[in-house]
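**Student:** Encoded as C-alpha cells, here's the structure I'll be asking about.
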Amino acid sequence: MSPGAPGLWARVLVRALVVVTAAVMALGFLGAGAALLVAGLTVLTYVLLWLREHALARATRQPATVSHRGAAPDGAADTVEGDD
C-alpha cells in the first residue's frame, strides 16, 4: 500500500475501528487487561497480514533463482562416468 493508493485511508480507518470495537467488547466482557491484549493482537494480525502481502508481491516481482541438485546448467541430469 502506497500512501497515494485509492481507498487507503478508508481501509486504515475501518481497521482502526475494528481494533477499537474489539477492545471495547473485551473491556466489557473480560476487563482492561484483556482489552489491551485483544487490541494488541488485532493490530499484530493486521501488521502480519500486511507483511505477508508485501512479501508475496515482492516474490512475484523478483523470481528467486532455484538451483536443483544434480541438474546441469543445460537442464540435463548430471551423470558420473562408470555409473550404470
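Identifiers for the C-alpha cells are assigned positionally: chains receive A, B, ... in sequence, residues are indexed from 1 per chain, and ligands are indexed from 1 in the order shown.
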Near region 35-40 of chain A, counting only C-alpha atoms, which residues have an atom at most 7 Å away, once you skip same-chain residues fewer than 3 positions from it, shown as a ChimeraX atom specification?

**Tutor:** /A:19-20,22-24,26-27,31-32,43-44

**Student:** Mind writing the picked residues with C-alpha atoms as a PDB file, in the first residue's frame?

**Tutor:**
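selection_27.pdb was written with the following content:
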```pdb
ATOM      1  CA  VAL A  19      -9.398  -2.615  16.755  1.00  0.00           C
ATOM      2  CA  VAL A  20     -11.281  -0.152  18.965  1.00  0.00           C
ATOM      3  CA  ALA A  22     -12.730  -5.398  19.685  1.00  0.00           C
ATOM      4  CA  ALA A  23     -11.050  -3.674  22.623  1.00  0.00           C
ATOM      5  CA  VAL A  24     -14.343  -2.203  23.874  1.00  0.00           C
ATOM      6  CA  ALA A  26     -13.203  -7.265  25.515  1.00  0.00           C
ATOM      7  CA  LEU A  27     -13.270  -4.491  28.110  1.00  0.00           C
ATOM      8  CA  GLY A  31     -11.651  -6.411  31.791  1.00  0.00           C
ATOM      9  CA  ALA A  32      -8.921  -3.894  30.997  1.00  0.00           C
ATOM     10  CA  VAL A  43      -3.109  -4.803  15.450  1.00  0.00           C
ATOM     11  CA  LEU A  44      -0.457  -7.529  15.234  1.00  0.00           C
TER      12      LEU A  44
END
```

**Student:** Could you please determine the separation between CA of Val18 (chain A) and CA of Thr42 (chain A) in Å, to one decimal place?

**Tutor:**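 These atoms are spaced 8.3 Å apart.
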
**Student:** Between CA of Arg11 (chain A) and CA of Val47 (chain A), what is the distance in Å, rounded to a tenth?

**Tutor:** 13.2 Å

**Student:** Could you work out how far CA of Arg15 (chain A) lies from CA of Thr45 (chain A), giving the answer in Å with one decimal?

**Tutor:**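 Between CA of Thr45 (chain A) and CA of Arg15 (chain A) the gap is 10.7 Å.
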